[in-house]
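Here is upload-v6.pdb, consisting of PDB, C-alpha atoms and all ligand atoms:
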ATOM      1  CA  MET A   1      -2.966   8.855  20.374
ATOM      2  CA  SER A   2      -3.630   5.135  20.026
ATOM      3  CA  PRO A   3      -2.090   3.462  16.987
ATOM      4  CA  ILE A   4      -4.267   2.869  13.918
ATOM      5  CA  LEU A   5      -2.276  -0.272  13.103
ATOM      6  CA  GLU A   6      -0.394  -2.616  15.424
ATOM      7  CA  ILE A   7       1.970  -5.260  14.108
ATOM      8  CA  ARG A   8       2.356  -7.675  17.008
ATOM      9  CA  ASN A   9       5.064 -10.386  17.037
ATOM     10  CA  VAL A  10       4.375 -11.351  13.436
ATOM     11  CA  THR A  11       6.207 -14.481  12.306
ATOM     12  CA  LYS A  12       5.678 -16.005   8.868
ATOM     13  CA  LYS A  13       7.217 -19.313   7.867
ATOM     14  CA  PHE A  14       7.182 -20.868   4.415
ATOM     15  CA  GLY A  15       8.214 -24.444   5.129
ATOM     16  CA  GLY A  16      11.707 -24.193   6.602
ATOM     17  CA  LEU A  17      12.130 -20.535   5.625
ATOM     18  CA  THR A  18      11.295 -17.808   8.142
ATOM     19  CA  ALA A  19      10.308 -14.797   6.011
ATOM     20  CA  ASN A  20       9.263 -12.662   9.021
ATOM     21  CA  ASN A  21      10.562 -13.286  12.521
ATOM     22  CA  ASP A  22       8.728 -11.742  15.493
ATOM     23  CA  ILE A  23       8.180  -8.321  13.930
ATOM     24  CA  SER A  24       6.405  -5.674  16.039
ATOM     25  CA  PHE A  25       5.753  -1.982  15.488
ATOM     26  CA  ASP A  26       2.896   0.531  15.643
ATOM     27  CA  VAL A  27       1.642   2.960  13.030
ATOM     28  CA  ALA A  28       0.097   6.235  14.204
ATOM     29  CA  PRO A  29      -2.965   7.714  12.469
ATOM     30  CA  GLY A  30      -1.913  10.039   9.660
ATOM     31  CA  GLU A  31       1.645   8.774   9.636
ATOM     32  CA  ILE A  32       3.706   8.029   6.511
ATOM     33  CA  LEU A  33       5.797   4.996   7.436
ATOM     34  CA  SER A  34       8.193   3.198   5.114
ATOM     35  CA  VAL A  35       9.361  -0.394   5.432
ATOM     36  CA  ILE A  36      12.819  -0.817   3.918
ATOM     37  CA  GLY A  37      15.350  -3.632   3.695
ATOM     38  CA  PRO A  38      17.528  -5.429   1.158
ATOM     39  CA  ASN A  39      16.033  -7.766  -1.476
ATOM     40  CA  GLY A  40      14.344 -10.784   0.063
ATOM     41  CA  ALA A  41      14.302  -9.222   3.562
ATOM     42  CA  GLY A  42      10.597  -9.984   3.999
ATOM     43  CA  LYS A  43       8.923  -6.638   3.270
ATOM     44  CA  SER A  44       6.304  -7.870   0.804
ATOM     45  CA  THR A  45       5.481 -10.817   3.037
ATOM     46  CA  LEU A  46       4.790  -8.401   5.888
ATOM     47  CA  PHE A  47       2.556  -6.231   3.672
ATOM     48  CA  LYS A  48       0.633  -9.264   2.473
ATOM     49  CA  GLN A  49      -0.137 -10.218   6.055
ATOM     50  CA  ILE A  50      -1.356  -6.714   6.901
ATOM     51  CA  ALA A  51      -3.710  -6.715   3.890
ATOM     52  CA  GLY A  52      -4.963 -10.278   4.340
ATOM     53  CA  PHE A  53      -3.180 -11.941   1.406
ATOM     54  CA  GLU A  54      -1.176 -14.125   3.802
ATOM     55  CA  LYS A  55      -1.939 -15.268   7.341
ATOM     56  CA  PRO A  56       0.776 -14.937  10.009
ATOM     57  CA  THR A  57       2.139 -18.242  11.276
ATOM     58  CA  THR A  58       2.094 -16.618  14.730
ATOM     59  CA  GLY A  59       1.422 -13.092  15.928
ATOM     60  CA  GLU A  60      -1.261 -10.703  14.742
ATOM     61  CA  VAL A  61      -2.100  -7.430  13.045
ATOM     62  CA  ARG A  62      -4.634  -5.110  14.670
ATOM     63  CA  PHE A  63      -6.480  -2.234  13.025
ATOM     64  CA  LYS A  64      -8.002   0.259  15.490
ATOM     65  CA  GLY A  65      -7.616  -2.361  18.185
ATOM     66  CA  GLU A  66      -9.369  -5.157  16.240
ATOM     67  CA  ARG A  67      -7.509  -8.168  14.948
ATOM     68  CA  ILE A  68      -7.507  -8.175  11.130
ATOM     69  CA  SER A  69      -4.817 -10.762  10.388
ATOM     70  CA  GLY A  70      -6.375 -13.910   9.007
ATOM     71  CA  LEU A  71      -9.323 -12.055   7.434
ATOM     72  CA  ALA A  72      -9.681 -12.247   3.643
ATOM     73  CA  PRO A  73      -8.301  -9.248   1.686
ATOM     74  CA  HIS A  74     -11.769  -7.965   0.697
ATOM     75  CA  ARG A  75     -12.843  -7.951   4.357
ATOM     76  CA  VAL A  76      -9.673  -6.122   5.409
ATOM     77  CA  ALA A  77     -10.283  -3.650   2.561
ATOM     78  CA  ARG A  78     -13.886  -3.100   3.642
ATOM     79  CA  LEU A  79     -12.642  -2.220   7.109
ATOM     80  CA  GLY A  80     -10.373   0.420   5.561
ATOM     81  CA  VAL A  81      -6.934  -1.154   5.014
ATOM     82  CA  VAL A  82      -6.127  -1.383   1.308
ATOM     83  CA  ARG A  83      -3.041  -2.603  -0.498
ATOM     84  CA  THR A  84      -2.421  -1.202  -3.917
ATOM     85  CA  PHE A  85      -0.199  -1.565  -6.986
ATOM     86  CA  GLN A  86       1.120  -5.120  -7.155
ATOM     87  CA  GLU A  87      -2.246  -6.746  -6.501
ATOM     88  CA  THR A  88      -4.371  -4.061  -8.119
ATOM     89  CA  THR A  89      -6.650  -5.286 -10.864
ATOM     90  CA  ILE A  90      -6.886  -2.855 -13.736
ATOM     91  CA  PHE A  91      -9.354  -3.693 -16.489
ATOM     92  CA  ARG A  92      -7.352  -2.857 -19.599
ATOM     93  CA  SER A  93     -10.374  -2.728 -21.898
ATOM     94  CA  MET A  94     -12.078  -0.095 -19.724
ATOM     95  CA  THR A  95     -11.391   3.620 -19.514
ATOM     96  CA  VAL A  96      -9.750   5.256 -16.514
ATOM     97  CA  ARG A  97     -13.141   6.533 -15.314
ATOM     98  CA  GLU A  98     -14.857   3.157 -15.778
ATOM     99  CA  ASN A  99     -12.088   1.437 -13.818
ATOM    100  CA  VAL A 100     -12.486   3.845 -10.911
ATOM    101  CA  ILE A 101     -16.301   3.588 -10.926
ATOM    102  CA  VAL A 102     -16.178  -0.218 -10.935
ATOM    103  CA  SER A 103     -13.807  -0.262  -7.968
ATOM    104  CA  HIS A 104     -16.401   1.581  -5.862
ATOM    105  CA  HIS A 105     -18.563  -1.525  -5.788
ATOM    106  CA  LEU A 106     -16.617  -2.830  -2.805
ATOM    107  CA  ARG A 107     -18.487  -0.290  -0.713
ATOM    108  CA  SER A 108     -21.821  -0.752  -2.407
ATOM    109  CA  ARG A 109     -24.969  -0.968  -0.289
ATOM    110  CA  ALA A 110     -27.027  -2.707  -2.965
ATOM    111  CA  SER A 111     -26.779  -6.403  -3.715
ATOM    112  CA  LEU A 112     -25.530  -7.608  -7.073
ATOM    113  CA  LEU A 113     -29.097  -8.678  -7.846
ATOM    114  CA  GLY A 114     -30.106  -5.093  -7.092
ATOM    115  CA  TYR A 115     -27.860  -3.912  -9.893
ATOM    116  CA  PHE A 116     -29.383  -6.316 -12.392
ATOM    117  CA  LEU A 117     -32.883  -5.285 -11.338
ATOM    118  CA  GLY A 118     -31.953  -1.590 -11.243
ATOM    119  CA  THR A 119     -33.317  -0.984  -7.746
ATOM    120  CA  ALA A 120     -33.410   2.524  -6.285
ATOM    121  CA  THR A 121     -30.496   1.778  -3.957
ATOM    122  CA  ALA A 122     -28.413   0.476  -6.852
ATOM    123  CA  ARG A 123     -29.222   3.565  -8.944
ATOM    124  CA  ALA A 124     -28.327   5.879  -6.055
ATOM    125  CA  ASP A 125     -25.048   4.020  -5.578
ATOM    126  CA  GLU A 126     -24.243   4.307  -9.296
ATOM    127  CA  ALA A 127     -24.721   8.068  -9.266
ATOM    128  CA  GLU A 128     -22.662   8.459  -6.095
ATOM    129  CA  PHE A 129     -19.875   6.228  -7.451
ATOM    130  CA  ALA A 130     -19.644   8.247 -10.677
ATOM    131  CA  ARG A 131     -19.433  11.499  -8.688
ATOM    132  CA  SER A 132     -16.822  10.080  -6.347
ATOM    133  CA  ALA A 133     -14.812   8.619  -9.261
ATOM    134  CA  ASP A 134     -14.643  12.045 -10.914
ATOM    135  CA  GLU A 135     -13.553  13.622  -7.640
ATOM    136  CA  ILE A 136     -10.733  11.057  -7.201
ATOM    137  CA  ILE A 137      -9.653  11.450 -10.842
ATOM    138  CA  ASP A 138      -9.441  15.215 -10.403
ATOM    139  CA  PHE A 139      -7.600  14.863  -7.077
ATOM    140  CA  LEU A 140      -4.954  12.706  -8.759
ATOM    141  CA  GLY A 141      -4.696  15.060 -11.749
ATOM    142  CA  LEU A 142      -5.945  12.401 -14.180
ATOM    143  CA  GLY A 143      -8.705  14.545 -15.709
ATOM    144  CA  ALA A 144      -7.031  14.714 -19.112
ATOM    145  CA  ILE A 145      -6.969  10.922 -19.455
ATOM    146  CA  ARG A 146     -10.372  10.236 -17.878
ATOM    147  CA  ASP A 147     -11.752   8.609 -21.048
ATOM    148  CA  GLU A 148      -8.517   6.953 -22.153
ATOM    149  CA  LEU A 149      -8.452   3.143 -22.294
ATOM    150  CA  ALA A 150      -6.267   1.693 -19.539
ATOM    151  CA  SER A 151      -4.462  -0.406 -22.161
ATOM    152  CA  ASN A 152      -3.076   2.817 -23.700
ATOM    153  CA  LEU A 153      -1.604   4.230 -20.484
ATOM    154  CA  PRO A 154       2.125   4.576 -19.792
ATOM    155  CA  GLN A 155       3.563   3.192 -16.534
ATOM    156  CA  GLY A 156       3.300   6.435 -14.512
ATOM    157  CA  HIS A 157      -0.382   6.853 -15.327
ATOM    158  CA  LEU A 158      -1.085   3.176 -14.643
ATOM    159  CA  ARG A 159       0.446   3.648 -11.181
ATOM    160  CA  ALA A 160      -1.767   6.692 -10.577
ATOM    161  CA  LEU A 161      -4.789   4.689 -11.775
ATOM    162  CA  GLY A 162      -3.837   1.968  -9.283
ATOM    163  CA  MET A 163      -3.927   4.606  -6.595
ATOM    164  CA  ALA A 164      -7.313   5.890  -7.832
ATOM    165  CA  ILE A 165      -8.688   2.348  -7.628
ATOM    166  CA  GLY A 166      -7.354   2.084  -4.072
ATOM    167  CA  LEU A 167      -8.913   5.411  -3.102
ATOM    168  CA  ALA A 168     -12.318   4.348  -4.426
ATOM    169  CA  THR A 169     -12.689   2.079  -1.418
ATOM    170  CA  GLN A 170     -12.151   5.063   0.923
ATOM    171  CA  PRO A 171      -9.191   3.569   2.771
ATOM    172  CA  GLN A 172      -8.069   4.785   6.160
ATOM    173  CA  VAL A 173      -4.755   3.016   5.698
ATOM    174  CA  ILE A 174      -3.204   2.534   2.280
ATOM    175  CA  LEU A 175      -0.309   0.155   1.637
ATOM    176  CA  LEU A 176       1.805   1.176  -1.338
ATOM    177  CA  ASP A 177       4.028  -1.488  -2.820
ATOM    178  CA  GLU A 178       7.074   0.158  -4.425
ATOM    179  CA  PRO A 179       5.194   3.253  -5.610
ATOM    180  CA  PHE A 180       8.307   4.764  -7.207
ATOM    181  CA  ALA A 181       9.625   1.639  -8.956
ATOM    182  CA  GLY A 182      10.619   2.287 -12.557
ATOM    183  CA  MET A 183       9.970   6.031 -12.305
ATOM    184  CA  ASN A 184      12.387   8.764 -13.329
ATOM    185  CA  HIS A 185      13.235  11.619 -10.972
ATOM    186  CA  ASP A 186      10.405  13.939 -12.041
ATOM    187  CA  GLU A 187       7.782  11.179 -11.902
ATOM    188  CA  THR A 188       9.045  10.158  -8.470
ATOM    189  CA  MET A 189       8.804  13.713  -7.154
ATOM    190  CA  ARG A 190       5.240  13.997  -8.514
ATOM    191  CA  MET A 191       4.322  10.727  -6.789
ATOM    192  CA  VAL A 192       5.978  11.884  -3.527
ATOM    193  CA  ALA A 193       3.840  15.038  -3.634
ATOM    194  CA  LEU A 194       0.721  12.974  -4.361
ATOM    195  CA  VAL A 195       1.328  10.622  -1.436
ATOM    196  CA  ARG A 196       1.824  13.645   0.858
ATOM    197  CA  ARG A 197      -1.487  15.114  -0.328
ATOM    198  CA  LEU A 198      -3.199  11.800   0.355
ATOM    199  CA  ARG A 199      -2.205  12.164   3.969
ATOM    200  CA  ASP A 200      -2.517  15.943   4.306
ATOM    201  CA  GLU A 201      -5.795  16.455   2.464
ATOM    202  CA  ARG A 202      -7.569  13.118   2.884
ATOM    203  CA  GLY A 203      -6.133  12.040   6.232
ATOM    204  CA  VAL A 204      -5.031   8.651   4.889
ATOM    205  CA  THR A 205      -2.344   6.794   6.849
ATOM    206  CA  VAL A 206       0.321   5.545   4.430
ATOM    207  CA  LEU A 207       2.584   2.510   4.660
ATOM    208  CA  LEU A 208       5.030   1.951   1.863
ATOM    209  CA  VAL A 209       7.635  -0.571   0.834
ATOM    210  CA  GLU A 210      10.274   1.046  -1.310
ATOM    211  CA  HIS A 211      13.859   0.680  -2.519
ATOM    212  CA  ASP A 212      14.316   4.291  -3.708
ATOM    213  CA  MET A 213      16.188   5.617  -0.660
ATOM    214  CA  PRO A 214      16.220   9.333  -1.525
ATOM    215  CA  ALA A 215      12.431   9.184  -1.995
ATOM    216  CA  VAL A 216      11.977   7.184   1.236
ATOM    217  CA  MET A 217      14.071   9.683   3.202
ATOM    218  CA  LYS A 218      12.083  12.571   1.736
ATOM    219  CA  ILE A 219       8.602  11.206   2.278
ATOM    220  CA  SER A 220       8.710   9.224   5.538
ATOM    221  CA  ASP A 221       7.835  10.352   9.055
ATOM    222  CA  ARG A 222       9.288   7.102  10.291
ATOM    223  CA  ILE A 223      11.068   4.093   8.823
ATOM    224  CA  VAL A 224      11.200   0.446   9.857
ATOM    225  CA  CYS A 225      14.156  -1.545   8.509
ATOM    226  CA  ILE A 226      13.951  -5.324   8.055
ATOM    227  CA  ASN A 227      16.864  -7.643   7.339
ATOM    228  CA  PHE A 228      16.645 -11.440   6.978
ATOM    229  CA  GLY A 229      13.044 -11.311   8.252
ATOM    230  CA  GLU A 230      13.853  -9.411  11.446
ATOM    231  CA  LYS A 231      13.201  -5.790  12.370
ATOM    232  CA  ILE A 232      16.660  -4.313  12.924
ATOM    233  CA  ALA A 233      15.796  -0.631  13.303
ATOM    234  CA  GLU A 234      12.921   1.818  13.631
ATOM    235  CA  GLY A 235      13.181   5.611  13.696
ATOM    236  CA  SER A 236      13.171   8.923  11.844
ATOM    237  CA  PRO A 237      14.894   9.121   8.427
ATOM    238  CA  ALA A 238      17.921  10.782  10.063
ATOM    239  CA  GLU A 239      18.121   8.055  12.739
ATOM    240  CA  ILE A 240      17.829   5.292  10.144
ATOM    241  CA  GLN A 241      20.511   6.789   7.893
ATOM    242  CA  ALA A 242      22.927   6.926  10.830
ATOM    243  CA  ASN A 243      22.056   3.483  12.235
ATOM    244  CA  PRO A 244      25.088   1.116  12.061
ATOM    245  CA  ARG A 245      22.897  -2.017  11.729
ATOM    246  CA  VAL A 246      21.038  -0.492   8.778
ATOM    247  CA  ILE A 247      24.248   0.605   7.082
ATOM    248  CA  GLU A 248      25.703  -2.869   7.588
ATOM    249  CA  ALA A 249      22.578  -4.528   6.170
ATOM    250  CA  TYR A 250      22.846  -2.462   3.002
ATOM    251  CA  LEU A 251      26.602  -2.897   2.518
ATOM    252  CA  GLY A 252      27.199  -5.682   0.084
ATOM    253  CA  SER A 253      23.541  -5.854  -0.899
ATOM    254  CA  GLU A 254      22.426  -5.192  -4.470
ATOM    255  CA  ASP A 255      20.424  -2.179  -3.365
ATOM    256  CA  ALA A 256      21.601   1.371  -3.674
ATOM    257  CA  ALA A 257      23.479   2.696  -0.649
ATOM    258  CA  ILE A 258      21.346   3.970   2.211
ATOM    259  CA  GLY A 259      22.836   7.491   1.836
ATOM    260  CA  MET A 260      21.111  10.145  -0.247
TER
HETATM  261  N1  LIG B 301       4.797 -17.840  -1.044
HETATM  262  C1  LIG B 301       6.080 -18.057  -0.711
HETATM  263  N2  LIG B 301       6.555 -19.314  -0.586
HETATM  264  C2  LIG B 301       7.838 -19.545  -0.243
HETATM  265  N3  LIG B 301       8.732 -18.564   0.024
HETATM  266  C3  LIG B 301       8.317 -17.312  -0.071
HETATM  267  C4  LIG B 301       6.973 -16.981  -0.438
HETATM  268  N4  LIG B 301       6.847 -15.626  -0.447
HETATM  269  C5  LIG B 301       8.056 -15.135  -0.113
HETATM  270  N5  LIG B 301       8.935 -16.135   0.107
HETATM  271  C6  LIG B 301      10.343 -15.987   0.533
HETATM  272  O1  LIG B 301      10.347 -15.176   1.703
HETATM  273  C7  LIG B 301      11.501 -14.321   1.684
HETATM  274  C8  LIG B 301      11.045 -12.876   1.789
HETATM  275  O2  LIG B 301      10.425 -12.506   0.575
HETATM  276  P1  LIG B 301       9.722 -11.081   0.360
HETATM  277  O3  LIG B 301       9.163 -11.074  -1.017
HETATM  278  O4  LIG B 301       8.825 -10.804   1.485
HETATM  279  O5  LIG B 301      10.988 -10.102   0.427
HETATM  280  P2  LIG B 301      11.082  -8.570   0.041
HETATM  281  O6  LIG B 301      11.831  -7.908   1.136
HETATM  282  O7  LIG B 301       9.758  -8.028  -0.276
HETATM  283  O8  LIG B 301      11.978  -8.639  -1.265
HETATM  284  P3  LIG B 301      12.074  -7.639  -2.533
HETATM  285  O9  LIG B 301      12.607  -6.355  -2.013
HETATM  286  O10 LIG B 301      13.076  -8.335  -3.426
HETATM  287  O11 LIG B 301      10.707  -7.530  -3.121
HETATM  288  C9  LIG B 301      12.256 -14.628   0.403
HETATM  289  O12 LIG B 301      13.283 -15.548   0.707
HETATM  290  C10 LIG B 301      11.205 -15.256  -0.482
HETATM  291  O13 LIG B 301      11.787 -16.137  -1.409
END
Take the structure in the file and write it out as structure tokens.
Ligand SMILES: Nc1ncnc2c1ncn2[C@@H]1O[C@H](COP(=O)(O)OP(=O)(O)OP(=O)(O)O)[C@@H](O)[C@H]1O
Amino acid sequence: MSPILEIRNVTKKFGGLTANNDISFDVAPGEILSVIGPNGAGKSTLFKQIAGFEKPTTGEVRFKGERISGLAPHRVARLGVVRTFQETTIFRSMTVRENVIVSHHLRSRASLLGYFLGTATARADEAEFARSADEIIDFLGLGAIRDELASNLPQGHLRALGMAIGLATQPQVILLDEPFAGMNHDETMRMVALVRRLRDERGVTVLLVEHDMPAVMKISDRIVCINFGEKIAEGSPAEIQANPRVIEAYLGSEDAAIGM
């Protein structure tokens, strides 16, 4: 099967600092792939380039064979590659449902003027967005807090709302930035199950950056490890855990040990 995403020789320099150095790997459709590495290794920089928030200095990112690196984030998102969490905008004065409805506008067929004038297309979109928002809210188990103001939500629910906002754009690939950060064990296990369902039931390909090693080992089909901007390993969770270069990278780092 051809890859849904190809990272090809991506190098990103910030002045004299090389944050990513000639990184290449493929992501298969329907795969859950984690990018790991010690603090400052270059994981977020790589994600930003996939989602259009940064442009590679050299190299490229391809989605279904088409180059997407260098496109603006909203154009990458429209094509189906969406980054969520750290860059997600949540309107705190709106309810959960309103937030999810509003985020559907990225895929709207009507023009903004159409909305002001209340054209038939705009009205049809509105009805469809409300239906879809309710479906996403139910899928994520957020029904009980549908009408809650975002400003009242605890961290776990805010994270789930971030995912709902991401899903509103009907992504084919979703990039999750530290989805388990700050979560306790039970919350993490709920999020692990949710991410699995995203893939199993909605066919979404998932890329995640994460420091929680037990969760990474549990959820990933494959793992790519970055250290000092370079890819040092790629393989199954078992292969990564046994890889001497990965173990060495984590020794002496502030992160938890690579073991479970
Ligand atoms: N906009 C920027 N300008 C200058 N340097 C940057 C910029 N963004 C990132 N860097 C540097 O690039 C390197 C990689 O940073 P990055 O955030 O990608 O690492 P990371 O692996 O995601 O780290 P963490 O796990 O701590 O989030 C770091 O040295 C960082 O300081």
Nearest to Ile226 in chain A, chosen from A:Ala127, A:Leu149, A:Val82, A:Ile36, with all atoms listed in the file counted in the distances: A:Ile36
Tell me which of A:His185, A:Arg131, A:His104, A:His211 sits closest to Gly156 in chain A, counting all atoms listed in the file.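 The shortest atom-to-atom distance to Gly156 in chain A comes from A:His185.
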May I ask you to write as an mmCIF file with C-alpha atoms, in the coordinates of the input all residues lying at most 7 Å from ligand LIG 301 (chain B), with only C-alpha atoms and all ligand atoms counted?
data_model
loop_
_atom_site.group_PDB
_atom_site.id
_atom_site.type_symbol
_atom_site.label_atom_id
_atom_site.label_comp_id
_atom_site.auth_asym_id
_atom_site.auth_seq_id
_atom_site.Cartn_x
_atom_site.Cartn_y
_atom_site.Cartn_z
ATOM 1 C CA PHE A 14 7.182 -20.868 4.415
ATOM 2 C CA LEU A 17 12.130 -20.535 5.625
ATOM 3 C CA ALA A 19 10.308 -14.797 6.011
ATOM 4 C CA GLY A 37 15.350 -3.632 3.695
ATOM 5 C CA PRO A 38 17.528 -5.429 1.158
ATOM 6 C CA ASN A 39 16.033 -7.766 -1.476
ATOM 7 C CA GLY A 40 14.344 -10.784 0.063
ATOM 8 C CA ALA A 41 14.302 -9.222 3.562
ATOM 9 C CA GLY A 42 10.597 -9.984 3.999
ATOM 10 C CA LYS A 43 8.923 -6.638 3.270
ATOM 11 C CA SER A 44 6.304 -7.870 0.804
ATOM 12 C CA THR A 45 5.481 -10.817 3.037
ATOM 13 C CA LEU A 46 4.790 -8.401 5.888
ATOM 14 C CA GLY A 229 13.044 -11.311 8.252
#
Best match for closeness to Leu194 in chain A among A:Ala28, A:Ile145, A:Ala150, A:Ala164, counting all atoms listed in the file: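 The shortest atom-to-atom distance to Leu194 in chain A comes from A:Ala164.
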For this structure, which residues satisfy the selection - the PyMOL selection byres (((chain A and resi 53-63) around 9) and not hetatm) - when it is evaluated on the file as given? I want them as a PDB file with C-alpha atoms, keeping the file's coordinate frame.
ATOM      1  CA  PRO A   3      -2.090   3.462  16.987  1.00  0.00           C
ATOM      2  CA  ILE A   4      -4.267   2.869  13.918  1.00  0.00           C
ATOM      3  CA  LEU A   5      -2.276  -0.272  13.103  1.00  0.00           C
ATOM      4  CA  GLU A   6      -0.394  -2.616  15.424  1.00  0.00           C
ATOM      5  CA  ILE A   7       1.970  -5.260  14.108  1.00  0.00           C
ATOM      6  CA  ARG A   8       2.356  -7.675  17.008  1.00  0.00           C
ATOM      7  CA  ASN A   9       5.064 -10.386  17.037  1.00  0.00           C
ATOM      8  CA  VAL A  10       4.375 -11.351  13.436  1.00  0.00           C
ATOM      9  CA  THR A  11       6.207 -14.481  12.306  1.00  0.00           C
ATOM     10  CA  LYS A  12       5.678 -16.005   8.868  1.00  0.00           C
ATOM     11  CA  LYS A  13       7.217 -19.313   7.867  1.00  0.00           C
ATOM     12  CA  PHE A  14       7.182 -20.868   4.415  1.00  0.00           C
ATOM     13  CA  ASN A  20       9.263 -12.662   9.021  1.00  0.00           C
ATOM     14  CA  ASP A  22       8.728 -11.742  15.493  1.00  0.00           C
ATOM     15  CA  ILE A  23       8.180  -8.321  13.930  1.00  0.00           C
ATOM     16  CA  SER A  24       6.405  -5.674  16.039  1.00  0.00           C
ATOM     17  CA  THR A  45       5.481 -10.817   3.037  1.00  0.00           C
ATOM     18  CA  LEU A  46       4.790  -8.401   5.888  1.00  0.00           C
ATOM     19  CA  PHE A  47       2.556  -6.231   3.672  1.00  0.00           C
ATOM     20  CA  LYS A  48       0.633  -9.264   2.473  1.00  0.00           C
ATOM     21  CA  GLN A  49      -0.137 -10.218   6.055  1.00  0.00           C
ATOM     22  CA  ILE A  50      -1.356  -6.714   6.901  1.00  0.00           C
ATOM     23  CA  ALA A  51      -3.710  -6.715   3.890  1.00  0.00           C
ATOM     24  CA  GLY A  52      -4.963 -10.278   4.340  1.00  0.00           C
ATOM     25  CA  LYS A  64      -8.002   0.259  15.490  1.00  0.00           C
ATOM     26  CA  GLY A  65      -7.616  -2.361  18.185  1.00  0.00           C
ATOM     27  CA  GLU A  66      -9.369  -5.157  16.240  1.00  0.00           C
ATOM     28  CA  ARG A  67      -7.509  -8.168  14.948  1.00  0.00           C
ATOM     29  CA  ILE A  68      -7.507  -8.175  11.130  1.00  0.00           C
ATOM     30  CA  SER A  69      -4.817 -10.762  10.388  1.00  0.00           C
ATOM     31  CA  GLY A  70      -6.375 -13.910   9.007  1.00  0.00           C
ATOM     32  CA  LEU A  71      -9.323 -12.055   7.434  1.00  0.00           C
ATOM     33  CA  ALA A  72      -9.681 -12.247   3.643  1.00  0.00           C
ATOM     34  CA  PRO A  73      -8.301  -9.248   1.686  1.00  0.00           C
ATOM     35  CA  LEU A  79     -12.642  -2.220   7.109  1.00  0.00           C
ATOM     36  CA  GLY A  80     -10.373   0.420   5.561  1.00  0.00           C
ATOM     37  CA  VAL A  81      -6.934  -1.154   5.014  1.00  0.00           C
TER      38      VAL A  81
END
One decimal, Å: what's the distance from CA of Arg190 in chain A over to CA of Leu158 in chain A, could you say?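 Spanning CA of Arg190 in chain A to CA of Leu158 in chain A is a straight-line distance of 14.0 Å.
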Under the PyMOL selection byres (((chain A and resi 160) around 10) and not hetatm), which residues of this model are included? Write them out as a ChimeraX atom specification. /A:85,137,140-142,155-159,161-166,179,191,194
Could you tell me how far CA of Ile90 in chain A sits from CA of Ala130 in chain A, in Å to one decimal place?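 Going from CA of Ala130 in chain A over to CA of Ile90 in chain A, I get 17.2 Å.
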Two-atom distance - CA of Glu248 in chain A, CA of Lys218 in chain A (Å):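 So the two atoms, CA of Glu248 in chain A and CA of Lys218 in chain A, lie 21.4 Å apart.
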Could you check the closest approach to Asp212 in chain A for each of A:Val224, A:Val192, A:Ile136, A:Leu167 and tell me which residue wins, using all atoms listed in the file?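 When distances to Asp212 in chain A are compared using all atoms listed in the file, the smallest one comes from A:Val192.
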With all atoms listed in the file as the atoms that count, which of A:Leu175, A:Val96, A:Val35, A:Asn184 lies nearest to Thr205 in chain A? A:Leu175
Nearest to Ile223 in chain A among A:Ala238, A:Val76, A:Met189, A:Val195, with distances taken over all atoms listed in the file: which residue is it?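 So, comparing all the options, the nearest one is A:Ala238.
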Name the residues that the PyMOL selection byres (((chain A and resi 32-34) around 9) and not hetatm) picks from the file above, as a PDB file with C-alpha atoms, keeping the file's coordinate frame, using the file's chain letters and numbers.
ATOM      1  CA  VAL A  27       1.642   2.960  13.030  1.00  0.00           C
ATOM      2  CA  ALA A  28       0.097   6.235  14.204  1.00  0.00           C
ATOM      3  CA  PRO A  29      -2.965   7.714  12.469  1.00  0.00           C
ATOM      4  CA  GLY A  30      -1.913  10.039   9.660  1.00  0.00           C
ATOM      5  CA  GLU A  31       1.645   8.774   9.636  1.00  0.00           C
ATOM      6  CA  VAL A  35       9.361  -0.394   5.432  1.00  0.00           C
ATOM      7  CA  ILE A  36      12.819  -0.817   3.918  1.00  0.00           C
ATOM      8  CA  VAL A 195       1.328  10.622  -1.436  1.00  0.00           C
ATOM      9  CA  ARG A 196       1.824  13.645   0.858  1.00  0.00           C
ATOM     10  CA  ARG A 199      -2.205  12.164   3.969  1.00  0.00           C
ATOM     11  CA  VAL A 204      -5.031   8.651   4.889  1.00  0.00           C
ATOM     12  CA  THR A 205      -2.344   6.794   6.849  1.00  0.00           C
ATOM     13  CA  VAL A 206       0.321   5.545   4.430  1.00  0.00           C
ATOM     14  CA  LEU A 207       2.584   2.510   4.660  1.00  0.00           C
ATOM     15  CA  LEU A 208       5.030   1.951   1.863  1.00  0.00           C
ATOM     16  CA  VAL A 209       7.635  -0.571   0.834  1.00  0.00           C
ATOM     17  CA  GLU A 210      10.274   1.046  -1.310  1.00  0.00           C
ATOM     18  CA  VAL A 216      11.977   7.184   1.236  1.00  0.00           C
ATOM     19  CA  MET A 217      14.071   9.683   3.202  1.00  0.00           C
ATOM     20  CA  ILE A 219       8.602  11.206   2.278  1.00  0.00           C
ATOM     21  CA  SER A 220       8.710   9.224   5.538  1.00  0.00           C
ATOM     22  CA  ASP A 221       7.835  10.352   9.055  1.00  0.00           C
ATOM     23  CA  ARG A 222       9.288   7.102  10.291  1.00  0.00           C
ATOM     24  CA  ILE A 223      11.068   4.093   8.823  1.00  0.00           C
ATOM     25  CA  VAL A 224      11.200   0.446   9.857  1.00  0.00           C
ATOM     26  CA  CYS A 225      14.156  -1.545   8.509  1.00  0.00           C
TER      27      CYS A 225
END
